[in-house]
Amino acid sequence: MTIATTLEERRAIAETVGKLLAEESGEKRVRAVMETRDGIDRELWSGLARMGIAGLLVPSRFGGAGLGPVELELVAEEIGAALACTPFLSSSVLAAGLLTASQDEAACARLLPGIAAGTTIATVALTGERGSWQPVDVTVRAEGTKDGANDGAFLSGTASYVMHAGVADVLLVAAATSDGLGLFEVASHGAGVAIEALPTFDRTLRLDRIAFAHAPATRIGGAGRPAIDAALRLALVGRAGEQAGGARRIFDMTVEYTKTRIQFGRPIGGFQAIKHMAAELLLEAESATSAARDAALQLAQDHDGADEAIDLAAFACADAFAKIAATAIQMHGGIAFTWEHPAHLYLRRARAYSYLLGSSDLHRERFLTKISAQSHDGSVAP
Amino acid sequence: MTNEDLRREVNDWLAAHWRAPGTIIQSMWETNAETRAWHTKVFEARWSVPSWPVEWFGRGLDDEQTNIVIEAFAQVGAPGTGQDRFNLPANTLLAAASDELKLTLIPGLLKKDITTCLLYSEPSAGSDLAGVRTRAERDGDRFIVNGQKVWTSGATVADYGMLICRTDWDVPKHSGLSFFFLPMKQAGVEVRPLRQITGEAHFNEVFFTDAVVPASHLVGGLNRGWRVLQTALAYERSSMGARARGSRHGAADDLVALARAAGRLDDPLLRQDIARTVALRRLNTLNNARAKAELEQGTSSSIMSLGKLAMSRILHEEARVRTAIIGVESLLAGETQPTADDVNFLALNAYFTSIGGGTDQIQKNIISERVLGLPREPELDRNIPFKQVRSG
Ligand SMILES: Cc1cc2nc3c(=O)[nH]c(=O)nc-3n(C[C@H](O)[C@H](O)[C@H](O)COP(=O)(O)OP(=O)(O)OC[C@H]3O[C@@H](n4cnc5c(N)ncnc54)[C@H](O)[C@@H]3O)c2cc1C
């Protein structure tokens with residue numbers, strides 16, 4: 001992968017997306033959408049699709065913008081800042097990333113153009129009830145599939161914590177086969193597929209549990225692991241961008257509030273306890289942005305250290321967002337304990353994204369495994 | 001000159017001249033013959049301050065080209081270049097001194113012939129640096145200095161002290177300060193070492209009794225010292241945010257290696273702690289790189305001011321994790337216990353960064369006020385003549 005855009009072009013993309021979100025996905029709209037059954041803003045989604053955002057990662061020969069992780073991260077910052085209710089991460093990042101990485105031309109030609117146009121919503125089922133997003137956790141099994149055979153497969157078992165399955169047209173499912181993990185396409189309304197919405201703490205996010213009972217499926221690509229890993233890398237970069245953007249937005253809102261709220265005859269932002277919390281949070285917000293952008297850049301340039309940078313961004317951004325969103329409530333006082341105040345929306349998102357696609361503990365463990373392997377063979381200085 | 005030509009030139013020069021010598025000292029206040037000899041060569045070849053103008057010992061290179069030079073030196077492990085970015089006294093002089101003083105002092109500073117210390121803090125003026133009471137009085141073409149400084153690192157060896165002192169007592173505190181380069185090796189300057197919590201004695205008390213500084217060594221103009229001090233502090237803080245001193249025996253710097261040596265690299269809780277802490281250091285590096293890039297792209301960056309605070313947290317967190325790794329061994333100390341000695345030393349020396357150069361609390365005040373635009377701390381003494389200001 002490379003970086004197809006110039007700095008100016010990237011700034012323009014971020015600005016256009018930011019503007020659309022400011023106009024079409026303000027707090028009022030987000031609150032309205034999060035109370036609907038589907039939980040996604042279809043109008044906004046088609047607006048974003050028209051801008052090329054739904055197909056950001058889709059190669060141009062399949063109707064997409066053909067961009068990569070660096071642009072993805074920037075757009076994700078905007079989407080995360082607005083808490084926009086869209087299937088961006090599920091359909092445009094995870095599903096599109098998985099299909100592209102599968103190198104299954106037929107499947108790509110069948111599904112990617114719709115995803116890029118925003119007319120097809122696809123999602124990916126990668127984890128079971130334990131929700132670790134680790135391959136060992138896949139509890140769906142495929143039967144009746146021979147090596148390389150592309151149809152005649154049936155899936156059974158349960159996948160959970162699947163984003164937006166309730167509104168998805170297509171499910172891409174990781175399942176155990178006789179030759180390791182494989183990927184399968186399943187029609188979301190097909191036979192043997194039972195989708196049950198999970199009650200989510202972050203109402204801007206929809207998650208589902210899917211029970212497969214001998215559901216007819218089409219195999220995609222060959223070995224599933226490499227494609228799954230590639231899609232997860234992209235999704236973690238996207239997640240990190242959303243976290244960095246969300247963290248920055250609630251931080252900015254909080255600092256502004258402390259300048260206008262008067263107690264003891266002066267703005268609370270003049271109290272040192274508040275100032276010091278703000279200074280610490282600024283460090284967290286900047287570090288999250290640095291980590292997310294570095295992970296994107298390393299992945300775009302295919303650097304050896306990309307996985308390490310992604311692990312780092314995964315836990316650093318999750319932890320920073322969680323700390324900032326939590327402290328923001330304290331800094332606001334009682335007003336932020338009300339449902340009407342947006343602070344809790346960010347805290348909910350921060351908490352949800354700390355576990356979605358893998359926990360901080362998991363990413364820290366992976367990060368340490370990588371750096372300790374290097375410091376052992378002496379290839380990297382501390 | 002193209003970047004390629006420059007790269008070739010610097011590499012050729014290094015190949016011809018750089019032989020890793022015994023000990024080169026990277027400190028503001030100490031030097032030795034080898035350090036001097038190497039830095040003199042670098043200076044004469046105009047690599048010390050590549051981005052400075054040609055008339056001021058540099059080559060007038062832009063940022064990208066300066067990076068090429070710095071990278072070439074780093075690749076062979078040679079010091080001496082990049083002083084345009086970190087040499088605190090030289091940069092302060094370039095920014096604010098008269099041409100005469102620049103010519104007198106800068107070459108020696110870049111060649112490491114001249115060493116300096118920072119004569120800022122006093123017994124009654126620490127965080128509140130504008131409250132200094134050391135006085136300088138004009139006497140013809142010189143100033144006579146009386147008073148006391150404290151916590152002055154390197155004062156026993158330094159040739160010059162960067163002195164902030166009071167030259168007008170009838171105006172508010174920030175308006176009556178002047179900044180001098182004061183010769184340290186003179187009868188009117190007495191230096192008394194102070195023993196630190198680490199057992200070392202790097203910092204000192206400094207007493208001035210009719211010490212003399214030539215008027216030509218005044219930097220930035222009479223009573224204009226506060227601005228000069230801001231420049232100097234910015235360099236000090238940015239270098240404290242980028243680097244910190246390592247351990248004495250080199251036995252405890254790398255957390256992973258320390259845990260492996262202690263047989264505890266498989267402890268899952270420690271692993272989380274180590275990863276968290278290593279990440280802090282990475283994040284600081286990424287922040288600093290992004291700050292640099294953003295400056296080069298012409299966007300102002302708030303990250304610049306965060307490095308020192310970040311480094312303070314890194315050092316204290318690392319110290320905590322190191323202690324957790326070696327556990328009960330941290331009861332021990334001394335030369336026969338290099339690991340425990342390093343761990344304990346680093347735990348204590350972390351305060352160098354959280355107190356020296358402006359405490360963490362002062363850094364947070366600065367960040368919240370200057371970066372985030374929050375209201376300034378109330379200052380009861382800001383607008384009254386300094387001689388009416390309370391001290392203690
Ligand atoms: C290892 C080391 C090396 C040093 N080297 C030098 C040197 O070379 N030259 C030199 O001039 N100085 C040096 N210093 C001194 C250093 O700059 C001062 O110690 C520091 O600025 C704090 O001043 P103070 O010690 O008087 O503490 P104080 O200013 O008395 O502070 C005491 C406590 O009060 C807090 N505090 C003070 N004011 C505020 C405020 N407005 N808001 C919130 N909290 C506040 C501080 O954070 C601190 O916790 C060194 C210090 C150390 C530890």
# chains A, B, ... in the order shown; residues from 1 in each chain; ligands from 1
$ residues_around --residues "Lys173 in chain B" --least-positions-apart "5" --cutoff "10 Å" --atoms "only C-alpha atoms" --output "list in words"
Leu129, Ala130, Gly131, Val132, Arg133, Arg166, Asp168, Trp226, Asp381, Arg382, Asn383, Ile384, Pro385, Phe386, Lys387, Gln388 and Val389 of chain B
$ write_last_selection --atoms "all heavy atoms" --output "short mmCIF file (atom, residue, chain, number, x, y, z; two decimals), in the first residue's frame"
data_model
loop_
_atom_site.label_atom_id
_atom_site.label_comp_id
_atom_site.auth_asym_id
_atom_site.auth_seq_id
_atom_site.Cartn_x
_atom_site.Cartn_y
_atom_site.Cartn_z
N LEU B 129 10.28 32.53 39.47
CA LEU B 129 11.62 32.95 39.09
C LEU B 129 11.75 34.46 38.92
O LEU B 129 12.84 35.03 39.09
CB LEU B 129 11.98 32.24 37.78
CG LEU B 129 13.44 31.95 37.50
CD1 LEU B 129 14.15 31.39 38.71
CD2 LEU B 129 13.54 30.97 36.35
N ALA B 130 10.63 35.12 38.62
CA ALA B 130 10.70 36.57 38.45
C ALA B 130 10.91 37.27 39.78
O ALA B 130 11.08 38.49 39.83
CB ALA B 130 9.43 37.09 37.77
N GLY B 131 10.93 36.49 40.87
CA GLY B 131 11.11 37.09 42.18
C GLY B 131 12.56 37.10 42.66
O GLY B 131 12.81 37.28 43.85
N VAL B 132 13.52 36.95 41.75
CA VAL B 132 14.93 36.87 42.20
C VAL B 132 15.36 38.18 42.87
O VAL B 132 14.89 39.27 42.53
CB VAL B 132 15.90 36.53 41.04
CG1 VAL B 132 15.66 35.12 40.55
CG2 VAL B 132 15.80 37.54 39.92
N ARG B 133 16.27 38.05 43.84
CA ARG B 133 16.73 39.20 44.63
C ARG B 133 18.23 39.43 44.50
O ARG B 133 18.76 40.37 45.10
CB ARG B 133 16.39 38.95 46.11
CG ARG B 133 14.92 39.08 46.31
CD ARG B 133 14.37 38.62 47.63
NE ARG B 133 12.94 38.90 47.57
CZ ARG B 133 12.39 40.04 47.98
NH1 ARG B 133 13.11 40.98 48.52
NH2 ARG B 133 11.08 40.21 47.84
N ARG B 166 18.33 41.18 39.50
CA ARG B 166 17.52 42.40 39.54
C ARG B 166 18.38 43.63 39.31
O ARG B 166 19.41 43.80 39.96
CB ARG B 166 16.77 42.51 40.86
CG ARG B 166 15.71 43.60 40.85
CD ARG B 166 14.59 43.32 41.82
NE ARG B 166 13.99 42.00 41.62
CZ ARG B 166 13.03 41.72 40.73
NH1 ARG B 166 12.57 42.67 39.93
NH2 ARG B 166 12.57 40.50 40.63
N ASP B 168 16.48 46.69 38.67
CA ASP B 168 15.61 47.81 39.04
C ASP B 168 14.58 47.32 40.05
O ASP B 168 13.81 46.41 39.77
CB ASP B 168 14.92 48.38 37.78
CG ASP B 168 14.18 49.69 38.08
OD1 ASP B 168 13.93 49.99 39.27
OD2 ASP B 168 13.89 50.42 37.11
N TRP B 226 13.78 39.23 31.34
CA TRP B 226 12.73 38.20 31.44
C TRP B 226 12.49 37.51 30.09
O TRP B 226 12.32 36.30 30.02
CB TRP B 226 11.44 38.83 31.96
CG TRP B 226 10.35 37.84 32.18
CD1 TRP B 226 9.20 37.71 31.47
CD2 TRP B 226 10.32 36.81 33.18
NE1 TRP B 226 8.45 36.66 31.95
CE2 TRP B 226 9.12 36.09 33.01
CE3 TRP B 226 11.19 36.40 34.19
CZ2 TRP B 226 8.77 35.00 33.80
CZ3 TRP B 226 10.84 35.32 35.00
CH2 TRP B 226 9.65 34.64 34.80
N ASP B 381 1.39 39.94 43.21
CA ASP B 381 2.56 40.84 43.19
C ASP B 381 2.90 41.31 41.79
O ASP B 381 3.97 41.82 41.53
CB ASP B 381 3.77 40.11 43.80
CG ASP B 381 4.08 38.81 43.08
OD1 ASP B 381 3.33 38.44 42.14
OD2 ASP B 381 5.05 38.15 43.46
N ARG B 382 1.97 41.12 40.85
CA ARG B 382 2.37 41.36 39.46
C ARG B 382 2.59 42.84 39.14
O ARG B 382 3.50 43.17 38.38
CB ARG B 382 1.33 40.77 38.51
CG ARG B 382 1.88 40.66 37.10
CD ARG B 382 1.03 39.86 36.15
NE ARG B 382 1.65 39.91 34.84
CZ ARG B 382 2.52 39.05 34.38
NH1 ARG B 382 2.89 38.03 35.12
NH2 ARG B 382 3.05 39.17 33.17
N ASN B 383 1.73 43.70 39.68
CA ASN B 383 1.78 45.09 39.21
C ASN B 383 2.24 46.10 40.26
O ASN B 383 1.95 47.28 40.17
CB ASN B 383 0.41 45.49 38.66
CG ASN B 383 0.10 44.69 37.39
OD1 ASN B 383 0.96 44.55 36.52
ND2 ASN B 383 -1.08 44.14 37.31
N ILE B 384 2.95 45.59 41.26
CA ILE B 384 3.46 46.54 42.26
C ILE B 384 4.98 46.59 42.18
O ILE B 384 5.60 45.64 41.70
CB ILE B 384 3.01 46.15 43.69
CG1 ILE B 384 3.42 44.70 44.00
CG2 ILE B 384 1.51 46.33 43.85
CD1 ILE B 384 3.09 44.28 45.42
N PRO B 385 5.58 47.73 42.61
CA PRO B 385 7.05 47.81 42.58
C PRO B 385 7.65 46.63 43.34
O PRO B 385 7.14 46.24 44.40
CB PRO B 385 7.34 49.13 43.31
CG PRO B 385 6.09 49.92 43.18
CD PRO B 385 4.96 48.93 43.16
N PHE B 386 8.74 46.06 42.82
CA PHE B 386 9.26 44.83 43.40
C PHE B 386 9.65 45.00 44.86
O PHE B 386 9.53 44.09 45.66
CB PHE B 386 10.44 44.29 42.60
CG PHE B 386 10.89 42.95 43.12
CD1 PHE B 386 10.12 41.83 42.89
CD2 PHE B 386 12.04 42.83 43.88
CE1 PHE B 386 10.49 40.59 43.40
CE2 PHE B 386 12.41 41.60 44.41
CZ PHE B 386 11.64 40.49 44.15
N LYS B 387 10.09 46.21 45.22
CA LYS B 387 10.57 46.36 46.60
C LYS B 387 9.44 46.22 47.63
O LYS B 387 9.71 45.99 48.80
CB LYS B 387 11.33 47.68 46.77
CG LYS B 387 10.54 48.91 46.47
CD LYS B 387 11.43 50.13 46.59
CE LYS B 387 10.63 51.37 46.23
NZ LYS B 387 11.45 52.48 45.82
N GLN B 388 8.16 46.27 47.15
CA GLN B 388 7.05 46.06 48.09
C GLN B 388 6.58 44.60 48.12
O GLN B 388 5.63 44.27 48.83
CB GLN B 388 5.87 46.94 47.68
CG GLN B 388 6.13 48.42 47.84
CD GLN B 388 5.06 49.27 47.17
OE1 GLN B 388 3.98 48.78 46.86
NE2 GLN B 388 5.39 50.53 46.93
N VAL B 389 7.22 43.74 47.33
CA VAL B 389 6.74 42.36 47.22
C VAL B 389 7.17 41.53 48.41
O VAL B 389 8.29 41.63 48.89
CB VAL B 389 7.27 41.73 45.91
CG1 VAL B 389 7.06 40.21 45.92
CG2 VAL B 389 6.58 42.35 44.70
#
$ residues_near_ligand --ligand "ligand 1" --cutoff "9 Å" --atoms "only C-alpha atoms and all ligand atoms" --output "VMD selection string"
(chain A and resid 272) or (chain B and resid 117 to 129 149 to 155 162 to 164 196 202 to 204 349 to 365 377 to 379)
$ interface_residues --of "chain B" --to "chain A" --cutoff "7 Å" --atoms "only C-alpha atoms" --output "ChimeraX atom specification"
/B:254,256,271-272,275,279,283,286-287,290,303,306,364-365,367-368,374-377
$ residues_around --residues "Ile3 in chain A" --least-positions-apart "6" --cutoff "12 Å" --atoms "only C-alpha atoms" --output "list of chain:residue names"
A:Glu9, A:Arg10, A:Leu57, A:Gly66, A:Leu67, A:Gly68, A:Pro69, A:Val70, A:Glu71, A:Leu72, A:Ala296, A:Leu297, A:Gln298, A:Leu299, A:Ala300, A:Gln301, A:Asp302
$ select_by_dssp --residues "range 18-52 of chain A" --states "alpha helix (DSSP H)" --output "PDB file with N, CA and C atoms, in the first residue's frame"
ATOM      1  N   GLY A  18     -15.581  16.726   7.589  1.00  0.00           N
ATOM      2  CA  GLY A  18     -15.899  17.417   8.835  1.00  0.00           C
ATOM      3  C   GLY A  18     -17.092  18.353   8.669  1.00  0.00           C
ATOM      4  N   LYS A  19     -17.132  19.027   7.529  1.00  0.00           N
ATOM      5  CA  LYS A  19     -18.198  19.977   7.275  1.00  0.00           C
ATOM      6  C   LYS A  19     -19.541  19.249   7.131  1.00  0.00           C
ATOM      7  N   LEU A  20     -19.537  18.178   6.361  1.00  0.00           N
ATOM      8  CA  LEU A  20     -20.774  17.414   6.188  1.00  0.00           C
ATOM      9  C   LEU A  20     -21.281  16.922   7.546  1.00  0.00           C
ATOM     10  N   LEU A  21     -20.353  16.401   8.354  1.00  0.00           N
ATOM     11  CA  LEU A  21     -20.770  15.868   9.641  1.00  0.00           C
ATOM     12  C   LEU A  21     -21.292  16.973  10.552  1.00  0.00           C
ATOM     13  N   ALA A  22     -20.647  18.140  10.491  1.00  0.00           N
ATOM     14  CA  ALA A  22     -21.105  19.241  11.338  1.00  0.00           C
ATOM     15  C   ALA A  22     -22.522  19.643  10.949  1.00  0.00           C
ATOM     16  N   GLU A  23     -22.819  19.590   9.632  1.00  0.00           N
ATOM     17  CA  GLU A  23     -24.141  19.996   9.168  1.00  0.00           C
ATOM     18  C   GLU A  23     -25.195  18.910   9.363  1.00  0.00           C
ATOM     19  N   GLU A  24     -24.814  17.669   9.072  1.00  0.00           N
ATOM     20  CA  GLU A  24     -25.808  16.585   8.999  1.00  0.00           C
ATOM     21  C   GLU A  24     -25.796  15.646  10.190  1.00  0.00           C
ATOM     22  N   GLU A  27     -25.220  16.858  17.329  1.00  0.00           N
ATOM     23  CA  GLU A  27     -25.631  16.073  18.490  1.00  0.00           C
ATOM     24  C   GLU A  27     -27.110  15.687  18.438  1.00  0.00           C
ATOM     25  N   LYS A  28     -27.956  16.640  17.998  1.00  0.00           N
ATOM     26  CA  LYS A  28     -29.388  16.371  17.978  1.00  0.00           C
ATOM     27  C   LYS A  28     -29.701  15.185  17.070  1.00  0.00           C
ATOM     28  N   ARG A  29     -29.065  15.226  15.910  1.00  0.00           N
ATOM     29  CA  ARG A  29     -29.282  14.164  14.923  1.00  0.00           C
ATOM     30  C   ARG A  29     -28.776  12.820  15.457  1.00  0.00           C
ATOM     31  N   VAL A  30     -27.598  12.839  16.049  1.00  0.00           N
ATOM     32  CA  VAL A  30     -27.034  11.600  16.598  1.00  0.00           C
ATOM     33  C   VAL A  30     -27.983  11.015  17.636  1.00  0.00           C
ATOM     34  N   ARG A  31     -28.503  11.890  18.508  1.00  0.00           N
ATOM     35  CA  ARG A  31     -29.428  11.402  19.537  1.00  0.00           C
ATOM     36  C   ARG A  31     -30.697  10.817  18.915  1.00  0.00           C
ATOM     37  N   ALA A  32     -31.178  11.464  17.850  1.00  0.00           N
ATOM     38  CA  ALA A  32     -32.386  10.950  17.205  1.00  0.00           C
ATOM     39  C   ALA A  32     -32.106   9.585  16.581  1.00  0.00           C
ATOM     40  N   VAL A  33     -30.987   9.481  15.889  1.00  0.00           N
ATOM     41  CA  VAL A  33     -30.683   8.228  15.192  1.00  0.00           C
ATOM     42  C   VAL A  33     -30.420   7.099  16.176  1.00  0.00           C
ATOM     43  N   MET A  34     -29.783   7.418  17.290  1.00  0.00           N
ATOM     44  CA  MET A  34     -29.439   6.334  18.209  1.00  0.00           C
ATOM     45  C   MET A  34     -30.672   5.739  18.888  1.00  0.00           C
ATOM     46  N   ARG A  42     -29.179   6.683   7.551  1.00  0.00           N
ATOM     47  CA  ARG A  42     -29.074   6.322   6.131  1.00  0.00           C
ATOM     48  C   ARG A  42     -28.843   7.528   5.231  1.00  0.00           C
ATOM     49  N   GLU A  43     -29.454   8.644   5.615  1.00  0.00           N
ATOM     50  CA  GLU A  43     -29.268   9.855   4.811  1.00  0.00           C
ATOM     51  C   GLU A  43     -27.810  10.291   4.829  1.00  0.00           C
ATOM     52  N   LEU A  44     -27.269  10.319   6.036  1.00  0.00           N
ATOM     53  CA  LEU A  44     -25.867  10.700   6.195  1.00  0.00           C
ATOM     54  C   LEU A  44     -24.975   9.728   5.428  1.00  0.00           C
ATOM     55  N   TRP A  45     -25.333   8.447   5.531  1.00  0.00           N
ATOM     56  CA  TRP A  45     -24.512   7.438   4.886  1.00  0.00           C
ATOM     57  C   TRP A  45     -24.500   7.632   3.373  1.00  0.00           C
ATOM     58  N   SER A  46     -25.648   7.974   2.791  1.00  0.00           N
ATOM     59  CA  SER A  46     -25.588   8.171   1.341  1.00  0.00           C
ATOM     60  C   SER A  46     -24.840   9.448   0.993  1.00  0.00           C
ATOM     61  N   GLY A  47     -24.916  10.448   1.869  1.00  0.00           N
ATOM     62  CA  GLY A  47     -24.098  11.650   1.663  1.00  0.00           C
ATOM     63  C   GLY A  47     -22.620  11.310   1.681  1.00  0.00           C
ATOM     64  N   LEU A  48     -22.221  10.531   2.659  1.00  0.00           N
ATOM     65  CA  LEU A  48     -20.813  10.133   2.753  1.00  0.00           C
ATOM     66  C   LEU A  48     -20.415   9.260   1.560  1.00  0.00           C
ATOM     67  N   ALA A  49     -21.348   8.414   1.126  1.00  0.00           N
ATOM     68  CA  ALA A  49     -21.060   7.558  -0.028  1.00  0.00           C
ATOM     69  C   ALA A  49     -20.832   8.400  -1.276  1.00  0.00           C
ATOM     70  N   ARG A  50     -21.655   9.438  -1.426  1.00  0.00           N
ATOM     71  CA  ARG A  50     -21.466  10.315  -2.586  1.00  0.00           C
ATOM     72  C   ARG A  50     -20.099  10.981  -2.571  1.00  0.00           C
TER      73      ARG A  50
END
$ atom_distance --atom1 "CA of Ile250 in chain A" --atom2 "CA of Gly241 in chain B"
26.6 Å
$ residues_around --residues "Arg248 in chain A" --least-positions-apart "2" --cutoff "12 Å" --atoms "only C-alpha atoms" --output "JSON, numbers by chain"
{"A": [77, 78, 79, 80, 81, 82, 83, 241, 242, 243, 244, 245, 246, 250, 251, 252, 253, 254, 255, 278, 281, 282, 283, 284, 285, 286, 287, 288, 289, 317, 320, 321, 322, 323, 324, 325, 328, 346, 350]}
$ write_last_selection --atoms "C-alpha atoms" --output "PDB file, in the first residue's frame"
ATOM      1  CA  GLU A  77     -10.985  11.136  13.255  1.00  0.00           C
ATOM      2  CA  GLU A  78     -13.879  13.190  11.881  1.00  0.00           C
ATOM      3  CA  ILE A  79     -16.417  10.395  12.162  1.00  0.00           C
ATOM      4  CA  GLY A  80     -15.297   9.604  15.708  1.00  0.00           C
ATOM      5  CA  ALA A  81     -15.431  13.250  16.727  1.00  0.00           C
ATOM      6  CA  ALA A  82     -19.055  13.478  15.587  1.00  0.00           C
ATOM      7  CA  LEU A  83     -20.044  10.037  16.976  1.00  0.00           C
ATOM      8  CA  GLY A 241      -8.629   7.344  14.381  1.00  0.00           C
ATOM      9  CA  GLU A 242     -12.205   7.436  15.692  1.00  0.00           C
ATOM     10  CA  GLN A 243     -10.907   7.267  19.249  1.00  0.00           C
ATOM     11  CA  ALA A 244      -8.381  10.041  18.699  1.00  0.00           C
ATOM     12  CA  GLY A 245     -11.066  12.194  17.061  1.00  0.00           C
ATOM     13  CA  GLY A 246     -13.639  11.499  19.768  1.00  0.00           C
ATOM     14  CA  ILE A 250     -14.881  15.950  24.057  1.00  0.00           C
ATOM     15  CA  PHE A 251     -11.613  17.490  25.304  1.00  0.00           C
ATOM     16  CA  ASP A 252     -12.173  20.688  23.315  1.00  0.00           C
ATOM     17  CA  MET A 253     -15.771  20.897  24.501  1.00  0.00           C
ATOM     18  CA  THR A 254     -14.623  20.519  28.075  1.00  0.00           C
ATOM     19  CA  VAL A 255     -11.932  23.202  27.879  1.00  0.00           C
ATOM     20  CA  ALA A 278      -6.778  19.928  31.312  1.00  0.00           C
ATOM     21  CA  LEU A 281      -5.629  15.473  29.120  1.00  0.00           C
ATOM     22  CA  LEU A 282      -4.056  17.534  26.357  1.00  0.00           C
ATOM     23  CA  LEU A 283      -1.021  15.265  26.554  1.00  0.00           C
ATOM     24  CA  GLU A 284      -3.337  12.239  26.292  1.00  0.00           C
ATOM     25  CA  ALA A 285      -5.199  13.705  23.312  1.00  0.00           C
ATOM     26  CA  GLU A 286      -2.036  14.592  21.418  1.00  0.00           C
ATOM     27  CA  SER A 287      -0.466  11.206  22.148  1.00  0.00           C
ATOM     28  CA  ALA A 288      -3.565   9.421  20.843  1.00  0.00           C
ATOM     29  CA  THR A 289      -3.447  11.441  17.634  1.00  0.00           C
ATOM     30  CA  CYS A 317      -5.935   5.460  21.818  1.00  0.00           C
ATOM     31  CA  ALA A 320      -6.576   7.947  26.206  1.00  0.00           C
ATOM     32  CA  PHE A 321     -10.165   8.228  24.983  1.00  0.00           C
ATOM     33  CA  ALA A 322     -11.451   6.432  28.080  1.00  0.00           C
ATOM     34  CA  LYS A 323      -9.469   8.680  30.414  1.00  0.00           C
ATOM     35  CA  ILE A 324     -10.417  11.885  28.622  1.00  0.00           C
ATOM     36  CA  ALA A 325     -14.120  11.053  28.393  1.00  0.00           C
ATOM     37  CA  ALA A 328     -14.442  15.364  31.172  1.00  0.00           C
ATOM     38  CA  TYR A 346     -18.466  10.057  24.457  1.00  0.00           C
ATOM     39  CA  ALA A 350     -14.950   5.282  24.707  1.00  0.00           C
TER      40      ALA A 350
END
$ residues_around --residues "Val76 in chain B" --least-positions-apart "4" --cutoff "10 Å" --atoms "only C-alpha atoms" --output "list in words"
Asn11, Leu14, Ala15, Trp18, Arg19, Ala20, Glu71 and Ala72 of chain B
$ write_last_selection --atoms "all heavy atoms" --output "compact mmCIF listing (two decimals), in the first residue's frame"
# COMPACT_ATOMS: atom_id res chain seq x y z
N ASN B 11 29.15 12.83 4.68
CA ASN B 11 29.65 11.46 4.87
C ASN B 11 31.15 11.37 4.60
O ASN B 11 31.87 10.70 5.34
CB ASN B 11 28.89 10.47 3.98
CG ASN B 11 27.51 10.18 4.56
OD1 ASN B 11 27.32 10.22 5.78
ND2 ASN B 11 26.55 9.90 3.69
N LEU B 14 32.98 12.91 7.50
CA LEU B 14 32.97 12.03 8.68
C LEU B 14 33.93 10.86 8.48
O LEU B 14 34.68 10.49 9.39
CB LEU B 14 31.56 11.52 8.97
CG LEU B 14 30.62 12.54 9.63
CD1 LEU B 14 29.17 12.09 9.54
CD2 LEU B 14 31.01 12.78 11.09
N ALA B 15 33.91 10.31 7.28
CA ALA B 15 34.82 9.18 7.00
C ALA B 15 36.27 9.61 7.18
O ALA B 15 37.11 8.85 7.69
CB ALA B 15 34.59 8.68 5.58
N TRP B 18 36.18 11.23 11.57
CA TRP B 18 35.62 10.66 12.80
C TRP B 18 36.28 9.35 13.19
O TRP B 18 36.22 8.38 12.46
CB TRP B 18 34.10 10.47 12.66
CG TRP B 18 33.46 9.71 13.80
CD1 TRP B 18 32.88 8.47 13.73
CD2 TRP B 18 33.34 10.13 15.16
NE1 TRP B 18 32.40 8.11 14.95
CE2 TRP B 18 32.67 9.10 15.86
CE3 TRP B 18 33.74 11.29 15.86
CZ2 TRP B 18 32.38 9.19 17.23
CZ3 TRP B 18 33.45 11.37 17.23
CH2 TRP B 18 32.78 10.33 17.89
N ARG B 19 36.96 9.35 14.31
CA ARG B 19 37.44 8.10 14.92
C ARG B 19 36.84 8.06 16.31
O ARG B 19 37.15 8.94 17.11
CB ARG B 19 38.97 8.09 15.08
CG ARG B 19 39.75 8.42 13.83
CD ARG B 19 39.88 7.20 12.91
NE ARG B 19 40.45 7.60 11.63
CZ ARG B 19 39.74 8.10 10.62
NH1 ARG B 19 38.44 8.25 10.73
NH2 ARG B 19 40.33 8.45 9.48
N ALA B 20 36.01 7.08 16.59
CA ALA B 20 35.38 7.05 17.92
C ALA B 20 36.45 7.17 19.00
O ALA B 20 37.24 6.26 19.18
CB ALA B 20 34.60 5.75 18.08
N GLU B 71 21.43 13.28 10.73
CA GLU B 71 21.33 11.84 10.55
C GLU B 71 22.68 11.21 10.21
O GLU B 71 23.02 10.13 10.70
CB GLU B 71 20.31 11.51 9.45
CG GLU B 71 18.91 11.41 10.00
CD GLU B 71 17.84 11.69 8.94
OE1 GLU B 71 18.10 11.42 7.74
OE2 GLU B 71 16.77 12.21 9.32
N ALA B 72 23.46 11.91 9.38
CA ALA B 72 24.78 11.37 9.01
C ALA B 72 25.67 11.24 10.24
O ALA B 72 26.35 10.23 10.43
CB ALA B 72 25.44 12.27 7.96
$ closest_residue --among "A:Thr338, A:Thr204, A:Thr6, A:Thr158" --to "Ala125 in chain A" --atoms "only C-alpha atoms"
A:Thr158
$ residues_around --residues "Leu348 in chain B" --least-positions-apart "5" --cutoff "12 Å" --atoms "only C-alpha atoms" --output "PyMOL selection string"
chain B and resi 196-200+245+247+312+315-320+323+341-343+353-355
$ select_by_dssp --residues "range 187-280 of chain A" --states "strand (DSSP E)" --output "number ranges by chain"
A: 187, 193-198, 207-220, 262-263, 266-267
